[in-house]
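Working notes for the structure below.
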Amino acid sequence: MSKNHNWKKGIVGLMAVSMLGACSSDDAAKGSEEAADYNKLTLEEIESKAKEEGKINSVGMPDSWANWVETWDEIEGKYKLKHSDTDMSSAEELAKFKAEKEDATADMGDVGIAFGPIAEEQELTLPYKTSYWDDVPKWAKDDDGDWVVGYTGTMAILTDKNKVKNAPKSWKEIKDGNFKVSIGDALTANQAQFAILAAAYAFGGDEKNIEPGIKFFADLAKQGRLTGDPTVANLEKGEIEVALLWDFNALGYRSQINEERFDVTIPKEASVTSGYATVINKYAKNPHAAMLTREYILSDEGQENLAKGYARPIRENVELPKEVESQLLPEEEYAKAKPVKDEKAWAETTKKIPQMWQDEVLIHVK
């Protein structure tokens, strides 16, 4: 999916995931000893080497997603690093790292948190801990710096009030409604898969038991109520009535199209909070630029930029300007939102979702 559509939607399905299924130690071109040396560099040394590299190539970090554009502009202005990005799903990003190896065209990517451990396990990452490492919650990083969450999102309901008179505030109201619902492509998109998990939470399931969430969307599909991709273009054209999206996307879309036209709320019964993590390609041609970028993302300025894009910063000790904080949903909206309790179980479940979605949901889409 192009970055103009402002949504990380994959197109390679099970193939991309299966490509990550096997990776031998022979694939490792850079050993752990070399990786460890990167963490010994001072920030001044990293900055100097990054400026020599002169560019940073990312994947899955488009301008329109969580206000990356401002971060890239500031990195280019402050460090003179030219930037380019190719938008793609988390699975595609890691498949690209693995397929290209020493011919890498990407230095770093932004992936759903479940893909961080996968990248580490498949030896696709270059470990680097930033100077803000201790400010990041333990659940949001690995021990060695192979991946670290930069911001969080919570599954929200976005409603076009021009299409739906009474905007749903809960999963029950979605279930009992007569409007159409969109989550996009659950075969590969991290956002869509978390929408299924959030529904599972609401109807008695969890990360080990995703079936209640699958059944919820299968029932919508049988009623002819599951449709479309929740992109800015489709929303603006009025083709989407209700969408399930990360809160930062929902708020961003509303701001971009029309503040008065859309309602955004966190489902009353339950929702899920998760994060997106940066992974630095082990084969990066510009590794110092990637490390410096991660450093900036976790800085006060970088965290504020993400909040301007309606994403919640991962560093709890960042004080946001009042005008930025006021753009986010009220804290009380998140009373029933919770992070994944068992990440290992969820990682296994995400491998099963594509087939379950194909067999139990897509066959009913009208």
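Lettering and numbering for the structure tokens are positional, with chains as A, B, ... in the shown order, residues counted from 1 in each chain, and ligands counted from 1 in the shown order.
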Please, which residues of stretch 127-363 of chain A, numbered as in this document, come out strand (DSSP E or B) from DSSP, as a ChimeraX atom specification? /A:141,148-160,181-182,206,209,226,242-246,262-265,271-281,312-313,337-339
Keeping N, CA and C atoms for every residue in the selection just given, could you write it to a file as a compact mmCIF listing (two decimals), in the first residue's frame?
# COMPACT_ATOMS: atom_id res chain seq x y z
N LYS A 141 10.66 -3.22 25.03
CA LYS A 141 12.01 -3.32 24.46
C LYS A 141 12.57 -4.69 24.75
N VAL A 148 12.78 -1.72 19.88
CA VAL A 148 12.25 -0.88 20.95
C VAL A 148 11.02 -0.14 20.44
N VAL A 149 9.97 -0.15 21.24
CA VAL A 149 8.73 0.54 20.90
C VAL A 149 8.94 2.05 21.00
N GLY A 150 8.42 2.79 20.03
CA GLY A 150 8.53 4.24 20.06
C GLY A 150 7.24 4.92 20.46
N TYR A 151 6.10 4.25 20.23
CA TYR A 151 4.80 4.85 20.51
C TYR A 151 3.75 3.75 20.58
N THR A 152 2.62 4.06 21.20
CA THR A 152 1.56 3.08 21.33
C THR A 152 0.29 3.56 20.64
N GLY A 153 -0.56 2.58 20.35
CA GLY A 153 -1.88 2.86 19.81
C GLY A 153 -2.90 1.96 20.49
N THR A 154 -4.14 2.39 20.53
CA THR A 154 -5.23 1.60 21.11
C THR A 154 -6.34 1.49 20.07
N MET A 155 -6.93 0.31 19.95
CA MET A 155 -7.95 0.09 18.95
C MET A 155 -9.17 0.95 19.23
N ALA A 156 -9.59 1.71 18.22
CA ALA A 156 -10.69 2.67 18.36
C ALA A 156 -11.73 2.48 17.27
N ILE A 157 -12.91 3.05 17.50
CA ILE A 157 -13.99 3.04 16.52
C ILE A 157 -14.08 4.42 15.87
N LEU A 158 -13.98 4.44 14.55
CA LEU A 158 -14.15 5.68 13.79
C LEU A 158 -15.46 5.59 13.01
N THR A 159 -16.33 6.57 13.20
CA THR A 159 -17.65 6.54 12.56
C THR A 159 -17.87 7.79 11.72
N ASP A 160 -18.33 7.59 10.50
CA ASP A 160 -18.73 8.69 9.63
C ASP A 160 -20.17 9.05 9.99
N VAL A 181 -18.86 -2.28 8.27
CA VAL A 181 -17.67 -2.15 9.12
C VAL A 181 -16.43 -2.52 8.32
N SER A 182 -15.35 -1.80 8.56
CA SER A 182 -14.09 -2.06 7.84
C SER A 182 -12.93 -2.18 8.81
N ASP A 206 -8.98 -14.20 24.28
CA ASP A 206 -7.73 -13.53 24.62
C ASP A 206 -6.70 -13.87 23.55
N ASN A 209 -6.83 -17.40 22.63
CA ASN A 209 -8.12 -17.82 22.05
C ASN A 209 -8.70 -16.68 21.25
N LEU A 226 -19.23 -6.52 6.27
CA LEU A 226 -17.77 -6.36 6.34
C LEU A 226 -17.28 -5.93 4.97
N VAL A 242 -18.16 2.67 9.26
CA VAL A 242 -17.52 2.49 10.57
C VAL A 242 -16.22 1.73 10.33
N ALA A 243 -15.14 2.21 10.94
CA ALA A 243 -13.84 1.54 10.79
C ALA A 243 -13.23 1.29 12.16
N LEU A 244 -12.48 0.20 12.24
CA LEU A 244 -11.72 -0.11 13.46
C LEU A 244 -10.25 0.15 13.15
N LEU A 245 -9.69 1.10 13.87
CA LEU A 245 -8.35 1.60 13.58
C LEU A 245 -7.62 1.90 14.88
N TRP A 246 -6.30 2.00 14.80
CA TRP A 246 -5.55 2.55 15.92
C TRP A 246 -6.07 3.95 16.19
N PHE A 262 -16.58 13.10 11.78
CA PHE A 262 -16.26 11.78 12.31
C PHE A 262 -16.25 11.74 13.84
N ASP A 263 -16.72 10.62 14.35
CA ASP A 263 -16.68 10.35 15.79
C ASP A 263 -15.59 9.31 16.06
N VAL A 264 -14.79 9.54 17.11
CA VAL A 264 -13.75 8.59 17.48
C VAL A 264 -13.92 8.24 18.96
N THR A 265 -13.96 6.96 19.24
CA THR A 265 -14.12 6.52 20.62
C THR A 265 -13.43 5.17 20.83
N SER A 271 -10.66 -3.03 24.84
CA SER A 271 -9.83 -2.71 23.69
C SER A 271 -8.42 -3.16 23.99
N VAL A 272 -7.58 -3.09 22.99
CA VAL A 272 -6.19 -3.53 23.15
C VAL A 272 -5.25 -2.38 22.83
N THR A 273 -4.23 -2.25 23.65
CA THR A 273 -3.18 -1.26 23.44
C THR A 273 -1.90 -1.98 23.04
N SER A 274 -1.27 -1.49 22.00
CA SER A 274 -0.02 -2.12 21.56
C SER A 274 0.91 -1.04 21.03
N GLY A 275 2.10 -1.47 20.64
CA GLY A 275 3.08 -0.50 20.18
C GLY A 275 3.72 -0.89 18.87
N TYR A 276 4.38 0.09 18.28
CA TYR A 276 5.18 -0.13 17.07
C TYR A 276 6.64 0.09 17.43
N ALA A 277 7.48 -0.80 16.96
CA ALA A 277 8.89 -0.81 17.34
C ALA A 277 9.80 -0.56 16.14
N THR A 278 10.88 0.17 16.38
CA THR A 278 11.89 0.31 15.33
C THR A 278 12.82 -0.90 15.36
N VAL A 279 13.15 -1.39 14.18
CA VAL A 279 14.16 -2.44 14.03
C VAL A 279 15.19 -1.92 13.03
N ILE A 280 16.45 -2.04 13.38
CA ILE A 280 17.54 -1.61 12.50
C ILE A 280 18.04 -2.84 11.75
N ASN A 281 18.09 -2.74 10.45
CA ASN A 281 18.51 -3.84 9.60
C ASN A 281 19.97 -4.20 9.88
N ARG A 312 0.55 7.87 21.16
CA ARG A 312 0.96 8.12 22.55
C ARG A 312 2.42 7.73 22.74
N PRO A 313 3.25 8.66 23.21
CA PRO A 313 4.68 8.40 23.38
C PRO A 313 4.92 7.22 24.34
N ALA A 337 -9.00 -0.53 28.19
CA ALA A 337 -7.97 -0.93 27.22
C ALA A 337 -6.80 -1.56 27.97
N LYS A 338 -6.22 -2.59 27.38
CA LYS A 338 -5.12 -3.27 28.05
C LYS A 338 -4.12 -3.79 27.02
N PRO A 339 -2.85 -3.89 27.42
CA PRO A 339 -1.85 -4.45 26.51
C PRO A 339 -1.95 -5.97 26.46
I want to know what sits within 12 Å of A:Asp142, based on only C-alpha atoms, with residues of the same chain fewer than 5 positions away left out; could you give that as a PyMOL selection string? chain A and resi 113-121+125+127-129+133-134+136-137+147-149+277-279
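With only C-alpha atoms as the basis for measurement, A:Ala167 is the residue among A:Ile196, A:Ile214, A:Ala167, A:Ala290 that approaches A:Glu241 most closely.
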Sorted per-residue table, stretch 272-364 of chain A near stretch 102-106 of chain A, closest atoms and distance, 9 Å, only C-alpha atoms, as JSON lines:
{"residue": "A:Ile280", "atom": "CA", "partner": "A:Ala106", "partner_atom": "CA", "distance": 8.9}
{"residue": "A:Asn281", "atom": "CA", "partner": "A:Ala106", "partner_atom": "CA", "distance": 7.1}
{"residue": "A:Lys282", "atom": "CA", "partner": "A:Glu102", "partner_atom": "CA", "distance": 8.9}
{"residue": "A:Tyr283", "atom": "CA", "partner": "A:Glu102", "partner_atom": "CA", "distance": 5.5}
{"residue": "A:Ala284", "atom": "CA", "partner": "A:Ala104", "partner_atom": "CA", "distance": 6.1}
{"residue": "A:Lys285", "atom": "CA", "partner": "A:Ala104", "partner_atom": "CA", "distance": 6.7}
{"residue": "A:Asn286", "atom": "CA", "partner": "A:Ala106", "partner_atom": "CA", "distance": 8.7}
Residue subset to file, keeping N, CA, C and O atoms, as an mmCIF file, in the first residue's frame:
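And here's out.cif as it stands now:
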data_model
loop_
_atom_site.group_PDB
_atom_site.id
_atom_site.type_symbol
_atom_site.label_atom_id
_atom_site.label_comp_id
_atom_site.auth_asym_id
_atom_site.auth_seq_id
_atom_site.Cartn_x
_atom_site.Cartn_y
_atom_site.Cartn_z
ATOM 1 N N ILE A 280 16.454 -2.044 13.382
ATOM 2 C CA ILE A 280 17.538 -1.614 12.498
ATOM 3 C C ILE A 280 18.043 -2.839 11.747
ATOM 4 O O ILE A 280 18.358 -3.865 12.353
ATOM 5 N N ASN A 281 18.086 -2.739 10.454
ATOM 6 C CA ASN A 281 18.511 -3.844 9.596
ATOM 7 C C ASN A 281 19.972 -4.201 9.879
ATOM 8 O O ASN A 281 20.859 -3.350 9.825
ATOM 9 N N LYS A 282 20.210 -5.472 10.174
ATOM 10 C CA LYS A 282 21.566 -5.942 10.424
ATOM 11 C C LYS A 282 22.485 -5.657 9.239
ATOM 12 O O LYS A 282 23.689 -5.440 9.404
ATOM 13 N N TYR A 283 21.907 -5.629 8.042
ATOM 14 C CA TYR A 283 22.688 -5.421 6.831
ATOM 15 C C TYR A 283 22.670 -3.967 6.357
ATOM 16 O O TYR A 283 23.047 -3.668 5.219
ATOM 17 N N ALA A 284 22.220 -3.060 7.224
ATOM 18 C CA ALA A 284 22.047 -1.653 6.831
ATOM 19 C C ALA A 284 23.309 -1.058 6.222
ATOM 20 O O ALA A 284 24.415 -1.239 6.744
ATOM 21 N N LYS A 285 23.127 -0.316 5.128
ATOM 22 C CA LYS A 285 24.244 0.398 4.513
ATOM 23 C C LYS A 285 24.559 1.684 5.284
ATOM 24 O O LYS A 285 25.665 2.222 5.185
ATOM 25 N N ASN A 286 23.579 2.163 6.041
ATOM 26 C CA ASN A 286 23.748 3.386 6.832
ATOM 27 C C ASN A 286 23.380 3.117 8.290
ATOM 28 O O ASN A 286 22.427 3.693 8.824
#
For A:Glu325, work out the shell of residues within 10 Å, counting only C-alpha atoms and skipping chain neighbours fewer than 5 positions away, then give it as a PyMOL selection string. chain A and resi 304+307-308+310+312+319-320+330
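Remark: for A:Ile46, the closest of the candidate residues A:Gly238, A:Gly228, A:Pro287, A:Pro354 is A:Pro287 (distances computed over only C-alpha atoms).
Among the candidates A:Ala202, A:Asp219, A:Lys341, A:Ile210, the residue lying nearest to A:Trp171 is A:Ala202 (atoms considered: only C-alpha atoms).
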Contacts of A:Trp68 within 9 Å, only C-alpha atoms, excl. fewer than 5 positions in-chain, as a PDB file with all heavy atoms, in the first residue's frame:
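Saved result, around14.pdb, follows:
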ATOM      1  N   MET A  61       7.562   3.582   7.331  1.00  0.00           N
ATOM      2  CA  MET A  61       7.573   4.809   8.134  1.00  0.00           C
ATOM      3  C   MET A  61       7.226   6.003   7.242  1.00  0.00           C
ATOM      4  O   MET A  61       7.992   6.957   7.120  1.00  0.00           O
ATOM      5  CB  MET A  61       8.943   4.995   8.797  1.00  0.00           C
ATOM      6  CG  MET A  61       9.358   3.806   9.657  1.00  0.00           C
ATOM      7  SD  MET A  61      11.054   3.877  10.306  1.00  0.00           S
ATOM      8  CE  MET A  61      10.820   4.987  11.699  1.00  0.00           C
ATOM      9  N   PRO A  62       6.039   5.954   6.591  1.00  0.00           N
ATOM     10  CA  PRO A  62       5.665   7.003   5.645  1.00  0.00           C
ATOM     11  C   PRO A  62       5.340   8.320   6.335  1.00  0.00           C
ATOM     12  O   PRO A  62       4.976   8.348   7.517  1.00  0.00           O
ATOM     13  CB  PRO A  62       4.422   6.427   4.961  1.00  0.00           C
ATOM     14  CG  PRO A  62       3.817   5.552   6.006  1.00  0.00           C
ATOM     15  CD  PRO A  62       4.976   4.930   6.729  1.00  0.00           C
ATOM     16  N   ASP A  63       5.433   9.393   5.600  1.00  0.00           N
ATOM     17  CA  ASP A  63       5.210  10.732   6.146  1.00  0.00           C
ATOM     18  C   ASP A  63       3.888  10.855   6.894  1.00  0.00           C
ATOM     19  O   ASP A  63       3.798  11.522   7.921  1.00  0.00           O
ATOM     20  CB  ASP A  63       5.228  11.772   5.024  1.00  0.00           C
ATOM     21  CG  ASP A  63       6.625  12.017   4.466  1.00  0.00           C
ATOM     22  OD1 ASP A  63       7.586  11.469   5.033  1.00  0.00           O
ATOM     23  OD2 ASP A  63       6.735  12.750   3.468  1.00  0.00           O
ATOM     24  N   ASP A  73      11.679  15.571   8.617  1.00  0.00           N
ATOM     25  CA  ASP A  73      12.092  16.937   8.287  1.00  0.00           C
ATOM     26  C   ASP A  73      13.129  17.450   9.278  1.00  0.00           C
ATOM     27  O   ASP A  73      14.119  18.092   8.898  1.00  0.00           O
ATOM     28  CB  ASP A  73      10.882  17.879   8.284  1.00  0.00           C
ATOM     29  CG  ASP A  73       9.999  17.693   7.058  1.00  0.00           C
ATOM     30  OD1 ASP A  73      10.443  17.021   6.106  1.00  0.00           O
ATOM     31  OD2 ASP A  73       8.860  18.216   7.067  1.00  0.00           O
ATOM     32  N   ASN A 305       6.669  14.801  18.404  1.00  0.00           N
ATOM     33  CA  ASN A 305       6.238  14.702  17.009  1.00  0.00           C
ATOM     34  C   ASN A 305       5.218  13.583  16.824  1.00  0.00           C
ATOM     35  O   ASN A 305       4.216  13.737  16.113  1.00  0.00           O
ATOM     36  CB  ASN A 305       7.435  14.454  16.090  1.00  0.00           C
ATOM     37  CG  ASN A 305       8.297  15.675  15.900  1.00  0.00           C
ATOM     38  OD1 ASN A 305       7.868  16.797  16.181  1.00  0.00           O
ATOM     39  ND2 ASN A 305       9.512  15.477  15.435  1.00  0.00           N
ATOM     40  N   LEU A 306       5.472  12.435  17.457  1.00  0.00           N
ATOM     41  CA  LEU A 306       4.547  11.313  17.362  1.00  0.00           C
ATOM     42  C   LEU A 306       3.200  11.664  17.988  1.00  0.00           C
ATOM     43  O   LEU A 306       2.141  11.312  17.458  1.00  0.00           O
ATOM     44  CB  LEU A 306       5.147  10.079  18.034  1.00  0.00           C
ATOM     45  CG  LEU A 306       6.335   9.460  17.294  1.00  0.00           C
ATOM     46  CD1 LEU A 306       7.104   8.504  18.195  1.00  0.00           C
ATOM     47  CD2 LEU A 306       5.857   8.727  16.043  1.00  0.00           C
ATOM     48  N   GLY A 309       0.998  13.471  15.890  1.00  0.00           N
ATOM     49  CA  GLY A 309       0.332  12.555  14.973  1.00  0.00           C
ATOM     50  C   GLY A 309      -0.655  11.656  15.694  1.00  0.00           C
ATOM     51  O   GLY A 309      -1.056  10.623  15.167  1.00  0.00           O
TER      52      GLY A 309
END
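Here atom CA of A:Val59 and atom CA of A:Tyr38 stand 21.7 Å from one another.
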Interatomic distance, atom CA of A:Ile297 to atom CA of A:Trp72 (Å, one decimal): 9.7 Å
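Among A:Glu269, A:Asp342, A:Asp144, A:Asp229, the residue with the shortest atom-to-atom distance to A:Ala199, counting only C-alpha atoms, is A:Glu269.
The shortest atom-to-atom distance to A:Val318, with only C-alpha atoms taken into account, belongs to A:Ser299 out of A:Val164, A:Val340, A:Ser299, A:Thr71.
Note that atom CA of A:Phe248 and atom CA of A:Ile56 are 24.7 Å apart.
Closest approach to A:Pro168 among A:Pro267, A:Lys55, A:Lys138, A:Lys208: A:Pro267, based on only C-alpha atoms.
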Tell me, which residues of stretch 153-331 of chain A carry DSSP helix (DSSP H, G or I), written as number ranges by chain? A: 171-176, 190-202, 211-222, 232-236, 247-257, 287-297, 300-308, 322-325, 331
Name the residues in contact with stretch 348-350 of chain A at a cut-off of 7 Å, using only C-alpha atoms, excluding same-chain residues fewer than 3 positions from it; report them as a PyMOL selection string. chain A and resi 207-208+344-345+353
For the residues in the current selection, export N, CA and C atoms as a short mmCIF file (atom, residue, chain, number, x, y, z; two decimals), in the first residue's frame.
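Okay, this is what ended up in part_24.cif:
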data_model
loop_
_atom_site.label_atom_id
_atom_site.label_comp_id
_atom_site.auth_asym_id
_atom_site.auth_seq_id
_atom_site.Cartn_x
_atom_site.Cartn_y
_atom_site.Cartn_z
N GLU A 207 -5.43 -13.54 23.81
CA GLU A 207 -4.41 -13.78 22.80
C GLU A 207 -4.18 -15.27 22.52
N LYS A 208 -4.59 -16.13 23.44
CA LYS A 208 -4.49 -17.57 23.21
C LYS A 208 -5.74 -18.11 22.50
N LYS A 344 4.20 -14.10 23.82
CA LYS A 344 4.59 -15.32 23.10
C LYS A 344 3.36 -16.02 22.52
N ALA A 345 2.28 -16.06 23.30
CA ALA A 345 1.05 -16.68 22.81
C ALA A 345 0.49 -15.88 21.64
N ILE A 353 -3.82 -16.47 12.30
CA ILE A 353 -4.91 -15.59 11.89
C ILE A 353 -5.13 -15.58 10.38
#
